[in-house]
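Everything below concerns the one structure shown next.
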Amino acid sequence: MSATRWEKERSAWLKARAGHRLGARRRAEQLAVTARQHERLEAGVGDSAFGEVTTRNIFYRSVHREEGAANLAGWFIWTLIWMSATYVFVGPALLIGLGAYGIWWRKAAGWGRMRSVPYFKAAGAVAAVGVAILTAHSLLATEGATRIFVGSWQAWPLEGGTAFLTIYLWLQLVLGLVRAGWRVRAWGWPAVARVERAAATAVQAVELEGFEHAESEEAPHNDAPAIAPIEISVDDEDLEDWMVEEAEPVYADEGALVDSTKIPTATKGATK
């Protein structure tokens, strides 16, 4: 069973950014097909033999721009011309980029996700070394630094086809490394970087083992202390005096006010 290389995440990332670019859409569809094949293999059903429709390649799209036999023939000739010129000028760079990309692609399970920055740094280093060699040779072969660029070509030890081939291959190596860095992004590897960053920044639970509070057994927080009741006592004599002072007058009827302290008592003569 072949190892997966995050084809599903990369395909979704490319589809979200493809827009009207047919090349990006085709790469997203190819990754989706590979992801479905891995899912079928993991399920144990095997890789069923059927073809899935994907966007046509660039050669087909360049030839079939218009309908009609004459249009197809004209676009076919034009496609051969521009493709041949491309492979002549930057063909080695395309092969170098494919090879540099393929080495890391095969080691992705052990090396981790692919990134564009190492390829761009390597391209910059190769370009800097070439410029440094050319500059140092010109300084040693000419008088002063004012004729660096002119003197470098005049004092260059290689002449004719050898000099052209050396410079040509040097430029192809630089462009090939740049092409490899472009392929990393073109095939959706930044999506893998985002997935890993999202997982790394997730909040993880912290477990405390062997932590014992000294006061947990003696005075647990759940048991609240009891509140002592408050007793208030009042002297009986004071209470009676206060009640007498606060007593209200009693009304005998609606118009008369009767004071309980001035009610006349019965005389002895009246009882007779």
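Chain labels follow the order of the structure tokens: the first chain is A, the next B, and so on; residue numbering restarts at 1 in every chain, and ligands are counted from 1 in their shown order.
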Counting only C-alpha atoms, which residues in segment 45-121 of chain A sit no more than 8 Å from segment 26-38 of chain A? For each one, give the nearest pair of atoms and the distance in Å, sorted by chain then residue number, as a tab-separated table.
residue	atom	partner	partner_atom	distance
A:Asp47	CA	A:Gln37	CA	6.0
A:Glu52	CA	A:Val33	CA	7.4
A:Thr54	CA	A:Glu29	CA	6.1
A:Thr55	CA	A:Arg26	CA	5.0
A:Arg56	CA	A:Arg26	CA	7.2
A:Asn57	CA	A:Arg26	CA	7.6
Legend entry - Residue contacts of Gly130 of chain A (12 Å, only C-alpha atoms) excluding same-chain residues fewer than 6 positions away, as a list in words: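 The filter keeps Ala123, Gly124, Ala136, His137, Thr166, Ile167, Tyr168, Leu169, Trp170, Leu171, Leu173 and Val174 of chain A.
With only C-alpha atoms as the atoms that count, the residue of A:Ala93, A:Ala108, A:Ala69, A:Ile58 with the shortest distance to Gln172 of chain A is A:Ala93.
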Go through segment 95-123 of chain A residue by residue and, counting only C-alpha atoms, keep those with an atom at most 9 Å from segment 176-189 of chain A; for each kept residue give the shortest atom pair and its distance in Å to one decimal, ordered by chain and increasing number, as CSV.
residue,atom,partner,partner_atom,distance
A:Leu95,CA,A:Gly176,CA,7.2
A:Ile96,CA,A:Gly176,CA,4.9
A:Gly97,CA,A:Gly176,CA,4.3
A:Leu98,CA,A:Ala180,CA,6.4
A:Gly99,CA,A:Ala180,CA,8.2
A:Ala100,CA,A:Ala180,CA,6.2
A:Tyr101,CA,A:Ala180,CA,5.3
A:Gly102,CA,A:Ala180,CA,8.9
A:Arg113,CA,A:Trp189,CA,7.1
A:Met114,CA,A:Trp189,CA,6.2
A:Arg115,CA,A:Val184,CA,6.3
A:Ser116,CA,A:Gly181,CA,4.3
A:Val117,CA,A:Gly181,CA,7.0
A:Pro118,CA,A:Gly181,CA,7.8
A:Tyr119,CA,A:Gly181,CA,5.1
A:Phe120,CA,A:Val178,CA,5.7
A:Lys121,CA,A:Leu177,CA,8.9
A:Ala122,CA,A:Leu177,CA,6.9
A:Ala123,CA,A:Leu177,CA,5.3
What does the file look like for those residues with C-alpha atoms, as a PDB file, in the first residue's frame?
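Generated output (part-v3.pdb):
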ATOM      1  CA  LEU A  95      13.856  18.543 -16.069  1.00  0.00           C
ATOM      2  CA  ILE A  96      16.013  19.792 -13.182  1.00  0.00           C
ATOM      3  CA  GLY A  97      12.953  21.202 -11.449  1.00  0.00           C
ATOM      4  CA  LEU A  98      11.070  17.935 -11.900  1.00  0.00           C
ATOM      5  CA  GLY A  99      13.989  15.926 -10.544  1.00  0.00           C
ATOM      6  CA  ALA A 100      14.571  18.189  -7.541  1.00  0.00           C
ATOM      7  CA  TYR A 101      10.873  18.114  -6.733  1.00  0.00           C
ATOM      8  CA  GLY A 102      10.673  14.340  -7.168  1.00  0.00           C
ATOM      9  CA  ARG A 113       5.928  18.314   4.160  1.00  0.00           C
ATOM     10  CA  MET A 114       7.515  20.008   1.171  1.00  0.00           C
ATOM     11  CA  ARG A 115       8.365  23.710   1.241  1.00  0.00           C
ATOM     12  CA  SER A 116       9.329  26.218  -1.428  1.00  0.00           C
ATOM     13  CA  VAL A 117      11.812  28.219   0.650  1.00  0.00           C
ATOM     14  CA  PRO A 118      14.674  25.647   0.529  1.00  0.00           C
ATOM     15  CA  TYR A 119      14.492  25.519  -3.263  1.00  0.00           C
ATOM     16  CA  PHE A 120      14.492  29.301  -3.566  1.00  0.00           C
ATOM     17  CA  LYS A 121      17.437  29.550  -1.180  1.00  0.00           C
ATOM     18  CA  ALA A 122      19.357  26.958  -3.182  1.00  0.00           C
ATOM     19  CA  ALA A 123      18.657  28.864  -6.388  1.00  0.00           C
TER      20      ALA A 123
END
Inset, instruction - Give me, please, the distance in Å between atom CA of His20 of chain A and atom CA of Tyr60 of chain A, quoted to one decimal. - result: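 Rounded to one decimal, the two atoms are 16.9 Å apart.
What separates atom CA of Glu7 of chain A from atom CA of Leu22 of chain A is a distance of 18.5 Å.
Note that atom CA of Phe89 of chain A and atom CA of Trp75 of chain A are 21.2 Å apart.
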Inset, instruction - From a DSSP pass on the backbone, collect the residues of segment 46-127 of chain A flagged as helix (DSSP H, G or I) and hand them back as a ChimeraX atom specification. - result: /A:58-63,69-106,108-111,117-127
For the selection just defined, write its residues with C-alpha atoms to a file, as a PDB file, in the first residue's frame.
ATOM      1  CA  ILE A  58      -2.130  21.920 -21.937  1.00  0.00           C
ATOM      2  CA  PHE A  59      -1.340  20.356 -25.315  1.00  0.00           C
ATOM      3  CA  TYR A  60      -4.961  19.347 -25.868  1.00  0.00           C
ATOM      4  CA  ARG A  61      -6.258  22.718 -24.720  1.00  0.00           C
ATOM      5  CA  SER A  62      -3.845  24.576 -26.999  1.00  0.00           C
ATOM      6  CA  VAL A  63      -4.811  22.558 -30.071  1.00  0.00           C
ATOM      7  CA  ALA A  69     -10.302  20.883 -39.371  1.00  0.00           C
ATOM      8  CA  ALA A  70      -8.449  23.997 -40.598  1.00  0.00           C
ATOM      9  CA  ASN A  71      -8.460  25.577 -37.134  1.00  0.00           C
ATOM     10  CA  LEU A  72      -7.260  22.380 -35.535  1.00  0.00           C
ATOM     11  CA  ALA A  73      -4.389  22.080 -38.016  1.00  0.00           C
ATOM     12  CA  GLY A  74      -3.348  25.714 -37.522  1.00  0.00           C
ATOM     13  CA  TRP A  75      -3.412  25.502 -33.737  1.00  0.00           C
ATOM     14  CA  PHE A  76      -1.570  22.198 -33.868  1.00  0.00           C
ATOM     15  CA  ILE A  77       1.321  23.749 -35.801  1.00  0.00           C
ATOM     16  CA  TRP A  78       1.372  26.759 -33.480  1.00  0.00           C
ATOM     17  CA  THR A  79       1.434  24.477 -30.431  1.00  0.00           C
ATOM     18  CA  LEU A  80       4.393  22.517 -31.798  1.00  0.00           C
ATOM     19  CA  ILE A  81       6.303  25.746 -32.463  1.00  0.00           C
ATOM     20  CA  TRP A  82       5.912  27.324 -29.050  1.00  0.00           C
ATOM     21  CA  MET A  83       6.395  24.069 -27.172  1.00  0.00           C
ATOM     22  CA  SER A  84       9.578  23.275 -29.113  1.00  0.00           C
ATOM     23  CA  ALA A  85      10.966  26.749 -28.416  1.00  0.00           C
ATOM     24  CA  THR A  86      10.131  26.372 -24.732  1.00  0.00           C
ATOM     25  CA  TYR A  87      11.926  23.046 -24.429  1.00  0.00           C
ATOM     26  CA  VAL A  88      14.965  24.390 -26.273  1.00  0.00           C
ATOM     27  CA  PHE A  89      15.391  27.440 -24.068  1.00  0.00           C
ATOM     28  CA  VAL A  90      14.296  26.095 -20.678  1.00  0.00           C
ATOM     29  CA  GLY A  91      13.963  22.355 -21.257  1.00  0.00           C
ATOM     30  CA  PRO A  92      16.878  21.415 -18.955  1.00  0.00           C
ATOM     31  CA  ALA A  93      15.458  23.719 -16.282  1.00  0.00           C
ATOM     32  CA  LEU A  94      12.123  21.902 -16.456  1.00  0.00           C
ATOM     33  CA  LEU A  95      13.856  18.543 -16.069  1.00  0.00           C
ATOM     34  CA  ILE A  96      16.013  19.792 -13.182  1.00  0.00           C
ATOM     35  CA  GLY A  97      12.953  21.202 -11.449  1.00  0.00           C
ATOM     36  CA  LEU A  98      11.070  17.935 -11.900  1.00  0.00           C
ATOM     37  CA  GLY A  99      13.989  15.926 -10.544  1.00  0.00           C
ATOM     38  CA  ALA A 100      14.571  18.189  -7.541  1.00  0.00           C
ATOM     39  CA  TYR A 101      10.873  18.114  -6.733  1.00  0.00           C
ATOM     40  CA  GLY A 102      10.673  14.340  -7.168  1.00  0.00           C
ATOM     41  CA  ILE A 103      13.508  13.619  -4.734  1.00  0.00           C
ATOM     42  CA  TRP A 104      11.762  15.371  -1.854  1.00  0.00           C
ATOM     43  CA  TRP A 105       8.391  14.028  -2.977  1.00  0.00           C
ATOM     44  CA  ARG A 106       9.602  10.444  -2.605  1.00  0.00           C
ATOM     45  CA  ALA A 108       8.056  13.186   2.093  1.00  0.00           C
ATOM     46  CA  ALA A 109       7.102  10.485   4.612  1.00  0.00           C
ATOM     47  CA  GLY A 110      10.465  10.843   6.367  1.00  0.00           C
ATOM     48  CA  TRP A 111      11.412  14.440   5.602  1.00  0.00           C
ATOM     49  CA  VAL A 117      11.812  28.219   0.650  1.00  0.00           C
ATOM     50  CA  PRO A 118      14.674  25.647   0.529  1.00  0.00           C
ATOM     51  CA  TYR A 119      14.492  25.519  -3.263  1.00  0.00           C
ATOM     52  CA  PHE A 120      14.492  29.301  -3.566  1.00  0.00           C
ATOM     53  CA  LYS A 121      17.437  29.550  -1.180  1.00  0.00           C
ATOM     54  CA  ALA A 122      19.357  26.958  -3.182  1.00  0.00           C
ATOM     55  CA  ALA A 123      18.657  28.864  -6.388  1.00  0.00           C
ATOM     56  CA  GLY A 124      19.883  32.092  -4.794  1.00  0.00           C
ATOM     57  CA  ALA A 125      23.028  30.354  -3.530  1.00  0.00           C
ATOM     58  CA  VAL A 126      23.852  28.929  -6.969  1.00  0.00           C
ATOM     59  CA  ALA A 127      23.290  32.316  -8.594  1.00  0.00           C
TER      60      ALA A 127
END
